[in-house]
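Chemist: Structure in structure tokens, see below.
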Amino acid sequence: MVSAQVKEQVKNQTLELKEKYGITPGLAVVIVGDDPASRVYVNNKKKACEAVGFKSEEYALDKNTTQQELLSLVKELNEKPDINGILVQLPLPNHLDDKAVIEAISPKKDVDAFHAVNVGKIMLGEYDFLPCTPAGVMEMLHYYNISVSGKNCVVIGRSNIVGKPMAMLLLHENGTVTICHSRTQNLAEICSRADILVAAVGKPKFVTADMVKEGAVVIDVGMDRDENGKLCGDVDFENVKDKCSYITPVPGGVGPMTIATLMKNTLKAAKLQNNID
Ligand code: NAP
């Protein structure tokens, strides 16, 4: 599994960092409120930290936490030398301003790569960190030697977290990229021309077999619930799988890659903050 391989590499480099420099990378995870899905994601991130040898700190805040309290915590974490990465689990409760919180995180500790400085760097192709989900997708493509150059790539979804950076990373590797969204016309036809189709819609089994070209590579970013409350993706896996050359399953697939990339980013942050190559 690609994610296991990435985590193994991070674990080995972490050991080296400890032995050579006495440094243990540290990740702070902040969660506000009691959203069950967010709780699962936070637990998975903490487990991954343990597995690769990082220090992890969880800050579980009450759902009524004020913007000021949250910003103060972020400021404190920015200044904490043993914390190299800060992650604020999104979405935040409605009364809190996601954007202001993200902008308060030091770009050097922004291991999600959501801060405007890091987003700008990604646009320019000169980045320290890449956003975890799109970077995880690229890592999978590399692992399976799937070349993007010159291919028709279609990304469904244009969120700041997945769709937009995903499109940018495919473009950096010379894909011919189309971004689709809720106002796109002829969506099925556009998708059916894709050599590489990335679904980041947030709607269960949204991509059906008629939208997929024979032999296409299909990447399912979705983490949705089907009619029985079971975790599923944006792609109708059972009916699409025989049509494509590669397809990522849900669960599995992109989810574990996102966490593996978060570990990679935290390690990189620790190295950058300590001026280690
Ligand atoms: P989001 O912010 O809700 O964005 C969804 C995008 O899909 C929007 O751009 C929206 O278009 C588009 N869309 C909605 N309905 C559509 C339709 N009928 N036709 C075409 N486009 C449509 O979601 P997100 O944060 O990007 O997440 C997308 C999915 O990925 C979710 O299932 C989420 O849980 C999952 N996810 C997984 C991971 C992971 O690690 N695997 C990480 C992050 C997210 P408009 O912009 O026009 O509204």
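Numbering starts fresh at 1 for the residues of each chain in the structure tokens, the chains themselves are lettered A, B, ... in the order given, and ligands are numbered from 1 as they appear.
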Could the residues of chain A that have an atom at most 9 Å from ligand 1 be listed as a Markdown table, each with its closest atom pair and the distance in Å to one decimal, counting only C-alpha atoms and all ligand atoms and ordered by chain and ascending residue number?
Modeler:
| residue | atom | partner | partner_atom_place_in_ligand_line | distance |
| --- | --- | --- | --- | --- |
| A:Tyr41 | CA | ligand 1 | 40 (O) | 8.9 |
| A:Cys132 | CA | ligand 1 | 40 (O) | 7.7 |
| A:Thr133 | CA | ligand 1 | 40 (O) | 5.4 |
| A:Pro134 | CA | ligand 1 | 42 (C) | 8.5 |
| A:Gly136 | CA | ligand 1 | 40 (O) | 8.6 |
| A:Ile156 | CA | ligand 1 | 21 (N) | 5.6 |
| A:Gly157 | CA | ligand 1 | 6 (C) | 3.6 |
| A:Arg158 | CA | ligand 1 | 9 (O) | 3.7 |
| A:Ser159 | CA | ligand 1 | 26 (O) | 4.4 |
| A:Asn160 | CA | ligand 1 | 26 (O) | 7.0 |
| A:Ile161 | CA | ligand 1 | 26 (O) | 5.8 |
| A:Val162 | CA | ligand 1 | 26 (O) | 4.7 |
| A:Gly163 | CA | ligand 1 | 26 (O) | 5.7 |
| A:Lys164 | CA | ligand 1 | 9 (O) | 8.6 |
| A:Ile179 | CA | ligand 1 | 9 (O) | 8.9 |
| A:Cys180 | CA | ligand 1 | 21 (N) | 5.8 |
| A:His181 | CA | ligand 1 | 21 (N) | 3.4 |
| A:Ser182 | CA | ligand 1 | 21 (N) | 3.7 |
| A:Arg183 | CA | ligand 1 | 47 (O) | 5.6 |
| A:Thr184 | CA | ligand 1 | 20 (C) | 6.3 |
| A:Gln185 | CA | ligand 1 | 19 (N) | 8.8 |
| A:Leu187 | CA | ligand 1 | 20 (C) | 7.0 |
| A:Ala199 | CA | ligand 1 | 29 (C) | 7.6 |
| A:Ala200 | CA | ligand 1 | 28 (C) | 4.1 |
| A:Val201 | CA | ligand 1 | 7 (O) | 3.5 |
| A:Gly202 | CA | ligand 1 | 32 (O) | 3.2 |
| A:Lys203 | CA | ligand 1 | 32 (O) | 6.3 |
| A:Pro204 | CA | ligand 1 | 32 (O) | 7.7 |
| A:Phe206 | CA | ligand 1 | 18 (N) | 8.0 |
| A:Asp220 | CA | ligand 1 | 41 (N) | 7.8 |
| A:Val221 | CA | ligand 1 | 41 (N) | 4.7 |
| A:Gly222 | CA | ligand 1 | 32 (O) | 3.5 |
| A:Met223 | CA | ligand 1 | 32 (O) | 4.0 |
| A:Asp224 | CA | ligand 1 | 32 (O) | 5.1 |
| A:Arg225 | CA | ligand 1 | 32 (O) | 8.8 |
| A:Cys232 | CA | ligand 1 | 32 (O) | 8.8 |
| A:Gly233 | CA | ligand 1 | 32 (O) | 6.9 |
| A:Asp234 | CA | ligand 1 | 32 (O) | 6.7 |
| A:Val250 | CA | ligand 1 | 41 (N) | 8.3 |
| A:Pro251 | CA | ligand 1 | 41 (N) | 8.6 |
| A:Gly252 | CA | ligand 1 | 41 (N) | 8.6 |
| A:Gly253 | CA | ligand 1 | 41 (N) | 7.7 |
| A:Val254 | CA | ligand 1 | 41 (N) | 4.8 |
| A:Gly255 | CA | ligand 1 | 41 (N) | 3.7 |
| A:Pro256 | CA | ligand 1 | 40 (O) | 7.0 |
| A:Met257 | CA | ligand 1 | 40 (O) | 7.2 |
| A:Thr258 | CA | ligand 1 | 40 (O) | 4.8 |
| A:Ile259 | CA | ligand 1 | 40 (O) | 7.2 |
Chemist: Can you pull out every residue within 8 Å of Val212 (chain A), counting only C-alpha atoms, but drop anything in the same chain fewer than 5 positions away, and send it as a PyMOL selection string?
Modeler: chain A and resi 191-194+197+207+240+243-244
Chemist: DSSP on the backbone: which residues in region 51-119 of chain A end up as alpha helix (DSSP H)? Give the answer as JSON, numbers by chain.
Modeler: {"A": [51, 52, 67, 68, 69, 70, 71, 72, 73, 74, 75, 76, 77, 78, 98, 99, 100, 101, 102, 103, 104, 116, 117, 118, 119]}
Chemist: Keeping C-alpha atoms, export the residues of the selection given above as a short mmCIF file (atom, residue, chain, number, x, y, z; two decimals), in the first residue's frame.
Modeler:
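The resulting file, result.cif, is reproduced below:
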data_model
loop_
_atom_site.label_atom_id
_atom_site.label_comp_id
_atom_site.auth_asym_id
_atom_site.auth_seq_id
_atom_site.Cartn_x
_atom_site.Cartn_y
_atom_site.Cartn_z
CA ALA A 51 3.14 5.16 14.41
CA VAL A 52 5.84 7.36 12.83
CA GLN A 67 -12.99 33.21 18.14
CA GLN A 68 -10.68 35.08 20.50
CA GLU A 69 -9.96 31.97 22.57
CA LEU A 70 -9.20 29.94 19.46
CA LEU A 71 -6.94 32.63 18.02
CA SER A 72 -5.07 32.86 21.33
CA LEU A 73 -4.44 29.13 21.29
CA VAL A 74 -3.16 29.28 17.70
CA LYS A 75 -0.83 32.13 18.68
CA GLU A 76 0.49 30.12 21.61
CA LEU A 77 1.11 27.11 19.36
CA ASN A 78 2.88 29.30 16.78
CA ASP A 98 -12.37 29.42 9.47
CA LYS A 99 -10.55 31.89 7.28
CA ALA A 100 -9.29 34.08 10.13
CA VAL A 101 -8.15 31.02 12.06
CA ILE A 102 -6.22 29.62 9.10
CA GLU A 103 -4.59 33.00 8.50
CA ALA A 104 -3.50 33.11 12.15
CA ALA A 116 -2.76 32.23 1.77
CA VAL A 117 1.05 32.34 1.72
CA ASN A 118 1.26 28.61 1.07
CA VAL A 119 -1.60 28.68 -1.43
#
Chemist: Show me, as a PDB file with C-alpha atoms, in the first residue's frame, the residues that have an atom within 7 Å of Thr266 (chain A) when counting only C-alpha atoms, minus same-chain residues fewer than 4 positions from it.
Modeler:
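Final output, saved to out_14.pdb:
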ATOM      1  CA  PRO A  25       8.651  16.420  15.183  1.00  0.00           C
ATOM      2  CA  LEU A  27       2.023  18.106  15.605  1.00  0.00           C
ATOM      3  CA  ASN A  84       6.285  22.078  14.245  1.00  0.00           C
ATOM      4  CA  GLY A  85       2.861  21.637  12.680  1.00  0.00           C
ATOM      5  CA  VAL A 111       1.091  21.594   7.489  1.00  0.00           C
ATOM      6  CA  LEU A 262       0.270  15.150   6.692  1.00  0.00           C
ATOM      7  CA  ALA A 270      10.437  20.176  11.685  1.00  0.00           C
TER       8      ALA A 270
END
Chemist: How many Å lie between CA of Ile105 (chain A) and CA of Ala269 (chain A), rounded to one decimal?
Modeler: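 Answer for the CA of Ile105 (chain A) to CA of Ala269 (chain A) separation: 13.1 Å.
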